[in-house]
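Visitor: I have a structure here, written as C-alpha coordinates, and I will follow up with some questions on it.
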Amino acid sequence: MRFVYTVKIIGAIGMGALLGSCALVELSGTMTRKTGEIMSDYGRKNDGFIGKMAGFGGSIHEAVGSTVEKVATRGKDGTLGDTKTEQFVEANRMVISSASDAVQNKVRNEPDTTINNTANKSVTTESKQLATETIIQAQIRLLEYGYDIGEADGVYGNKTKIAIEKYQLKKGLAVSGIFDAETLAALGITR
(Lines give C-alpha, C1' and ligand atoms only; values in the text may rest on other atoms or scores of the structure.)
Protein backbone atom coordinates (compact mmCIF):
# COMPACT_ATOMS: atom_id res chain seq x y z
CA MET A 1 0.00 0.00 0.00
CA ARG A 2 2.79 2.43 0.91
CA PHE A 3 4.54 1.61 -2.37
CA VAL A 4 1.45 2.40 -4.45
CA TYR A 5 0.91 5.62 -2.49
CA THR A 6 4.53 6.69 -3.03
CA VAL A 7 4.37 6.04 -6.77
CA LYS A 8 1.09 7.96 -7.02
CA ILE A 9 2.54 10.95 -5.16
CA ILE A 10 5.69 10.96 -7.28
CA GLY A 11 3.62 10.47 -10.40
CA ALA A 12 1.29 13.33 -9.54
CA ILE A 13 4.01 15.76 -8.50
CA GLY A 14 6.71 14.73 -10.97
CA MET A 15 4.54 14.30 -14.00
CA GLY A 16 2.51 17.40 -13.28
CA ALA A 17 5.78 19.29 -13.04
CA LEU A 18 6.95 17.68 -16.29
CA LEU A 19 4.26 19.52 -18.10
CA GLY A 20 5.53 22.78 -16.63
CA SER A 21 9.25 22.60 -15.93
CA CYS A 22 11.93 19.97 -16.49
CA ALA A 23 14.11 21.63 -13.84
CA LEU A 24 11.39 21.07 -11.23
CA VAL A 25 11.05 17.44 -12.30
CA GLU A 26 14.79 16.96 -12.00
CA LEU A 27 14.77 18.48 -8.50
CA SER A 28 11.88 16.22 -7.52
CA GLY A 29 13.82 13.19 -8.79
CA THR A 30 16.99 14.22 -6.98
CA MET A 31 15.11 14.73 -3.71
CA THR A 32 13.41 11.34 -4.07
CA ARG A 33 16.70 9.59 -4.88
CA LYS A 34 18.52 11.27 -1.97
CA THR A 35 15.70 10.31 0.39
CA GLY A 36 16.06 6.74 -0.87
CA GLU A 37 19.81 6.79 -0.25
CA ILE A 38 19.23 7.92 3.34
CA MET A 39 16.58 5.24 3.87
CA SER A 40 18.83 2.56 2.35
CA ASP A 41 21.73 3.67 4.53
CA TYR A 42 19.51 3.43 7.61
CA GLY A 43 18.43 -0.04 6.46
CA ARG A 44 22.06 -1.18 6.14
CA LYS A 45 22.93 0.10 9.62
CA ASN A 46 19.86 -1.16 11.48
CA ASP A 47 18.70 -4.75 11.80
CA GLY A 48 15.14 -5.70 12.48
CA PHE A 49 11.87 -5.02 10.81
CA ILE A 50 12.13 -1.20 10.67
CA GLY A 51 15.64 -1.32 9.24
CA LYS A 52 14.60 -3.88 6.64
CA MET A 53 11.55 -1.86 5.60
CA ALA A 54 13.60 1.36 5.43
CA GLY A 55 16.08 -0.40 3.16
CA PHE A 56 13.27 -1.81 1.02
CA GLY A 57 11.58 1.57 0.66
CA GLY A 58 14.94 3.23 0.11
CA SER A 59 15.77 1.03 -2.87
CA ILE A 60 12.42 1.89 -4.44
CA HIS A 61 12.90 5.62 -3.83
CA GLU A 62 16.42 5.47 -5.29
CA ALA A 63 15.17 3.74 -8.45
CA VAL A 64 12.18 6.04 -8.88
CA GLY A 65 14.23 9.16 -8.14
CA SER A 66 16.86 8.20 -10.71
CA THR A 67 14.11 7.55 -13.25
CA VAL A 68 12.44 10.90 -12.60
CA GLU A 69 15.83 12.56 -13.15
CA LYS A 70 16.07 10.69 -16.48
CA VAL A 71 12.54 11.84 -17.34
CA ALA A 72 13.68 15.43 -16.82
CA THR A 73 16.72 14.90 -19.05
CA ARG A 74 14.60 13.36 -21.78
CA GLY A 75 12.10 16.21 -21.38
CA LYS A 76 14.89 18.75 -21.83
CA ASP A 77 16.36 17.12 -24.92
CA GLY A 78 12.96 16.45 -26.48
CA THR A 79 13.18 12.64 -26.61
CA LEU A 80 10.30 11.99 -24.22
CA GLY A 81 7.52 12.56 -26.76
CA ASP A 82 6.08 15.10 -29.15
CA THR A 83 2.93 16.02 -27.27
CA LYS A 84 2.31 16.66 -23.58
CA THR A 85 0.11 13.56 -23.51
CA GLU A 86 2.89 11.39 -24.98
CA GLN A 87 5.35 12.88 -22.48
CA PHE A 88 3.00 12.21 -19.58
CA VAL A 89 2.31 8.62 -20.66
CA GLU A 90 6.00 7.81 -21.28
CA ALA A 91 7.10 9.43 -18.02
CA ASN A 92 4.52 7.46 -16.03
CA ARG A 93 5.51 4.25 -17.80
CA MET A 94 9.17 4.82 -16.93
CA VAL A 95 8.46 5.62 -13.26
CA ILE A 96 6.08 2.72 -12.69
CA SER A 97 8.43 0.32 -14.48
CA SER A 98 11.43 1.40 -12.39
CA ALA A 99 9.45 1.12 -9.14
CA SER A 100 8.19 -2.33 -10.11
CA ASP A 101 11.68 -3.48 -11.10
CA ALA A 102 13.11 -2.18 -7.82
CA VAL A 103 10.51 -4.13 -5.84
CA GLN A 104 11.13 -7.31 -7.82
CA ASN A 105 14.92 -6.97 -7.59
CA LYS A 106 14.80 -6.23 -3.87
CA VAL A 107 12.58 -9.22 -3.15
CA ARG A 108 14.77 -11.55 -5.28
CA ASN A 109 17.97 -10.40 -3.57
CA GLU A 110 16.79 -10.58 0.04
CA PRO A 111 18.65 -13.27 1.98
CA ASP A 112 16.63 -16.33 2.94
CA THR A 113 15.94 -15.75 6.62
CA THR A 114 14.23 -19.09 7.09
CA ILE A 115 17.60 -20.86 7.19
CA ASN A 116 20.85 -19.94 8.85
CA ASN A 117 22.81 -19.11 5.73
CA THR A 118 25.73 -16.93 6.80
CA ALA A 119 27.34 -17.01 3.35
CA ASN A 120 24.16 -15.70 1.69
CA LYS A 121 23.85 -12.90 4.25
CA SER A 122 27.45 -11.78 3.77
CA VAL A 123 27.08 -11.83 -0.02
CA THR A 124 23.97 -9.68 0.16
CA THR A 125 25.48 -7.36 2.78
CA GLU A 126 28.73 -6.79 0.86
CA SER A 127 26.89 -5.81 -2.32
CA LYS A 128 24.45 -3.56 -0.43
CA GLN A 129 27.31 -1.66 1.20
CA LEU A 130 28.75 -0.50 -2.11
CA ALA A 131 28.02 3.09 -3.00
CA THR A 132 25.40 3.49 -5.70
CA GLU A 133 28.00 5.27 -7.87
CA THR A 134 30.35 2.27 -7.65
CA ILE A 135 27.56 -0.10 -8.66
CA ILE A 136 26.67 2.16 -11.60
CA GLN A 137 30.33 2.24 -12.73
CA ALA A 138 30.53 -1.56 -12.54
CA GLN A 139 27.21 -1.93 -14.37
CA ILE A 140 28.42 0.38 -17.14
CA ARG A 141 31.61 -1.66 -17.47
CA LEU A 142 29.59 -4.90 -17.67
CA LEU A 143 27.41 -3.32 -20.38
CA GLU A 144 30.56 -2.31 -22.28
CA TYR A 145 31.68 -5.95 -22.13
CA GLY A 146 28.33 -7.08 -23.55
CA TYR A 147 26.61 -8.35 -20.40
CA ASP A 148 22.87 -7.78 -19.99
CA ILE A 149 22.33 -5.95 -16.70
CA GLY A 150 19.29 -4.07 -17.90
CA GLU A 151 19.93 -0.42 -17.16
CA ALA A 152 22.94 0.98 -15.29
CA ASP A 153 20.84 2.34 -12.43
CA GLY A 154 22.83 1.49 -9.31
CA VAL A 155 20.34 -1.16 -8.26
CA TYR A 156 21.91 -4.52 -7.44
CA GLY A 157 19.19 -6.62 -9.00
CA ASN A 158 18.85 -10.10 -10.43
CA LYS A 159 20.15 -9.18 -13.91
CA THR A 160 23.20 -7.52 -12.37
CA LYS A 161 23.86 -10.55 -10.18
CA ILE A 162 23.63 -12.94 -13.14
CA ALA A 163 25.91 -10.71 -15.24
CA ILE A 164 28.48 -10.61 -12.43
CA GLU A 165 28.41 -14.41 -12.15
CA LYS A 166 28.95 -14.80 -15.92
CA TYR A 167 31.78 -12.26 -15.87
CA GLN A 168 33.43 -13.93 -12.89
CA LEU A 169 33.18 -17.33 -14.58
CA LYS A 170 34.68 -16.01 -17.83
CA LYS A 171 37.56 -14.32 -15.98
CA GLY A 172 38.29 -17.34 -13.78
CA LEU A 173 37.28 -15.50 -10.59
CA ALA A 174 35.44 -17.02 -7.65
CA VAL A 175 31.78 -17.02 -8.72
CA SER A 176 29.87 -15.21 -5.98
CA GLY A 177 27.51 -12.94 -7.88
CA ILE A 178 28.69 -9.88 -5.96
CA PHE A 179 30.95 -6.94 -6.65
CA ASP A 180 33.72 -8.14 -4.37
CA ALA A 181 37.17 -6.51 -4.35
CA GLU A 182 38.59 -9.03 -6.86
CA THR A 183 35.73 -8.53 -9.31
CA LEU A 184 35.84 -4.74 -9.05
CA ALA A 185 39.61 -4.82 -9.65
CA ALA A 186 39.11 -7.03 -12.73
CA LEU A 187 36.58 -4.48 -13.99
CA GLY A 188 39.13 -1.72 -13.34
CA ILE A 189 37.05 -0.05 -10.64
CA THR A 190 38.31 1.15 -7.28
CA ARG A 191 36.08 1.78 -4.30
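We name chains A, B, ... following the order of the C-alpha coordinates; residues begin at 1 in each chain, and ligands are numbered from 1 as shown.
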Would you mind listing what lies within 7 Å of stretch 22-26 of chain A as a list in words, with only C-alpha atoms counted and same-chain residues fewer than 6 positions away left out?
Guide: Gly14, Val68, Glu69, Ala72, Gly75 and Lys76 of chain A
Visitor: Can I get the selection written as a PDB file, in the first residue's frame, with N, CA and C atoms?
Guide:
```pdb
ATOM      1  N   GLY A  14       5.694  14.737  -9.925  1.00  0.00           N
ATOM      2  CA  GLY A  14       6.712  14.728 -10.973  1.00  0.00           C
ATOM      3  C   GLY A  14       6.135  14.913 -12.352  1.00  0.00           C
ATOM      4  N   VAL A  68      13.025   9.561 -12.442  1.00  0.00           N
ATOM      5  CA  VAL A  68      12.441  10.902 -12.599  1.00  0.00           C
ATOM      6  C   VAL A  68      13.504  11.873 -13.110  1.00  0.00           C
ATOM      7  N   GLU A  69      14.743  11.717 -12.630  1.00  0.00           N
ATOM      8  CA  GLU A  69      15.834  12.556 -13.147  1.00  0.00           C
ATOM      9  C   GLU A  69      16.027  12.297 -14.654  1.00  0.00           C
ATOM     10  N   ALA A  72      13.384  14.005 -16.646  1.00  0.00           N
ATOM     11  CA  ALA A  72      13.685  15.431 -16.822  1.00  0.00           C
ATOM     12  C   ALA A  72      14.682  15.633 -17.953  1.00  0.00           C
ATOM     13  N   GLY A  75      13.002  15.085 -21.126  1.00  0.00           N
ATOM     14  CA  GLY A  75      12.101  16.208 -21.383  1.00  0.00           C
ATOM     15  C   GLY A  75      12.857  17.410 -21.925  1.00  0.00           C
ATOM     16  N   LYS A  76      14.069  17.635 -21.371  1.00  0.00           N
ATOM     17  CA  LYS A  76      14.894  18.754 -21.829  1.00  0.00           C
ATOM     18  C   LYS A  76      15.372  18.568 -23.255  1.00  0.00           C
TER      19      LYS A  76
END
```
Visitor: Within 12 Å of A:Leu143, counting only C-alpha atoms, which residues qualify if same-chain residues fewer than 4 places away don't, as a PyMOL selection string?
Guide: chain A and resi 136-139+147-153+159-160+163-164+167+187
Visitor: Limited to N, CA and C atoms, could you put the picked residues into a file as a short mmCIF file (atom, residue, chain, number, x, y, z; two decimals), in the first residue's frame?
Guide:
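Dumped everything to result_33.cif:
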```cif
data_model
loop_
_atom_site.label_atom_id
_atom_site.label_comp_id
_atom_site.auth_asym_id
_atom_site.auth_seq_id
_atom_site.Cartn_x
_atom_site.Cartn_y
_atom_site.Cartn_z
N ILE A 136 26.95 1.63 -10.26
CA ILE A 136 26.67 2.16 -11.60
C ILE A 136 27.91 2.02 -12.49
N GLN A 137 29.09 2.37 -11.95
CA GLN A 137 30.33 2.24 -12.73
C GLN A 137 30.55 0.79 -13.16
N ALA A 138 30.35 -0.14 -12.24
CA ALA A 138 30.53 -1.56 -12.54
C ALA A 138 29.49 -2.03 -13.56
N GLN A 139 28.24 -1.56 -13.41
CA GLN A 139 27.21 -1.93 -14.37
C GLN A 139 27.54 -1.41 -15.77
N TYR A 147 27.47 -7.63 -21.34
CA TYR A 147 26.61 -8.35 -20.40
C TYR A 147 25.30 -7.61 -20.22
N ASP A 148 24.19 -8.36 -20.15
CA ASP A 148 22.87 -7.78 -19.99
C ASP A 148 22.58 -7.55 -18.51
N ILE A 149 22.68 -6.30 -18.08
CA ILE A 149 22.33 -5.95 -16.70
C ILE A 149 21.06 -5.13 -16.67
N GLY A 150 20.44 -4.98 -17.82
CA GLY A 150 19.29 -4.07 -17.90
C GLY A 150 19.82 -2.67 -18.07
N GLU A 151 19.51 -1.81 -17.12
CA GLU A 151 19.93 -0.42 -17.16
C GLU A 151 20.94 -0.18 -16.04
N ALA A 152 21.96 0.62 -16.32
CA ALA A 152 22.94 0.98 -15.29
C ALA A 152 22.29 2.00 -14.36
N ASP A 153 21.63 1.49 -13.31
CA ASP A 153 20.84 2.34 -12.43
C ASP A 153 21.30 2.31 -10.97
N LYS A 159 19.39 -9.22 -12.66
CA LYS A 159 20.15 -9.18 -13.91
C LYS A 159 21.61 -8.83 -13.64
N THR A 160 21.83 -7.90 -12.72
CA THR A 160 23.20 -7.52 -12.37
C THR A 160 23.92 -8.71 -11.74
N ALA A 163 24.82 -11.22 -14.42
CA ALA A 163 25.91 -10.71 -15.24
C ALA A 163 27.25 -10.82 -14.51
N ILE A 164 27.25 -10.51 -13.22
CA ILE A 164 28.48 -10.61 -12.43
C ILE A 164 28.96 -12.06 -12.41
N TYR A 167 30.49 -12.93 -15.73
CA TYR A 167 31.78 -12.26 -15.87
C TYR A 167 32.84 -12.96 -15.02
N LEU A 187 37.34 -5.45 -13.17
CA LEU A 187 36.58 -4.48 -13.99
C LEU A 187 37.30 -3.13 -14.10
#
```
Visitor: Which residues come within 12 Å of A:Asp41, counting only C-alpha atoms, excluding same-chain residues fewer than 5 positions away, as a PyMOL selection string?
Guide: chain A and resi 34-36+46-47+51-59+62+125+128-132
Visitor: Would you compute the distance between atom CA of A:Gln104 and atom CA of A:Lys170? Give it in Å to one decimal.
Guide: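 Those two atoms sit 27.0 Å apart.
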Visitor: Go through A:Ala102, A:Ile38, A:Leu142, A:Val155 and flag the residue nearest A:Gln168, using only C-alpha atoms for the distances.
Guide: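 Smallest separation from A:Gln168 among the options: A:Leu142.
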Visitor: Could you check which of A:Met31, A:Thr67, A:Glu144, A:Gly78 is closest to A:Arg93, using only C-alpha atoms?
Guide: A:Thr67
Visitor: Using only C-alpha atoms, pick whichever of A:Glu90, A:Glu37, A:Asp101, A:Asp77 has the shortest atom-to-atom distance to A:Gly157.
Guide: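 Under the stated criterion, the closest residue is A:Asp101.
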Visitor: Determine the nearest neighbour of A:Lys166 from the options A:Gly65, A:Asp180, A:Val71, A:Gly146, counting only C-alpha atoms.
Guide: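 For A:Lys166, the nearest of the given residues is A:Gly146.
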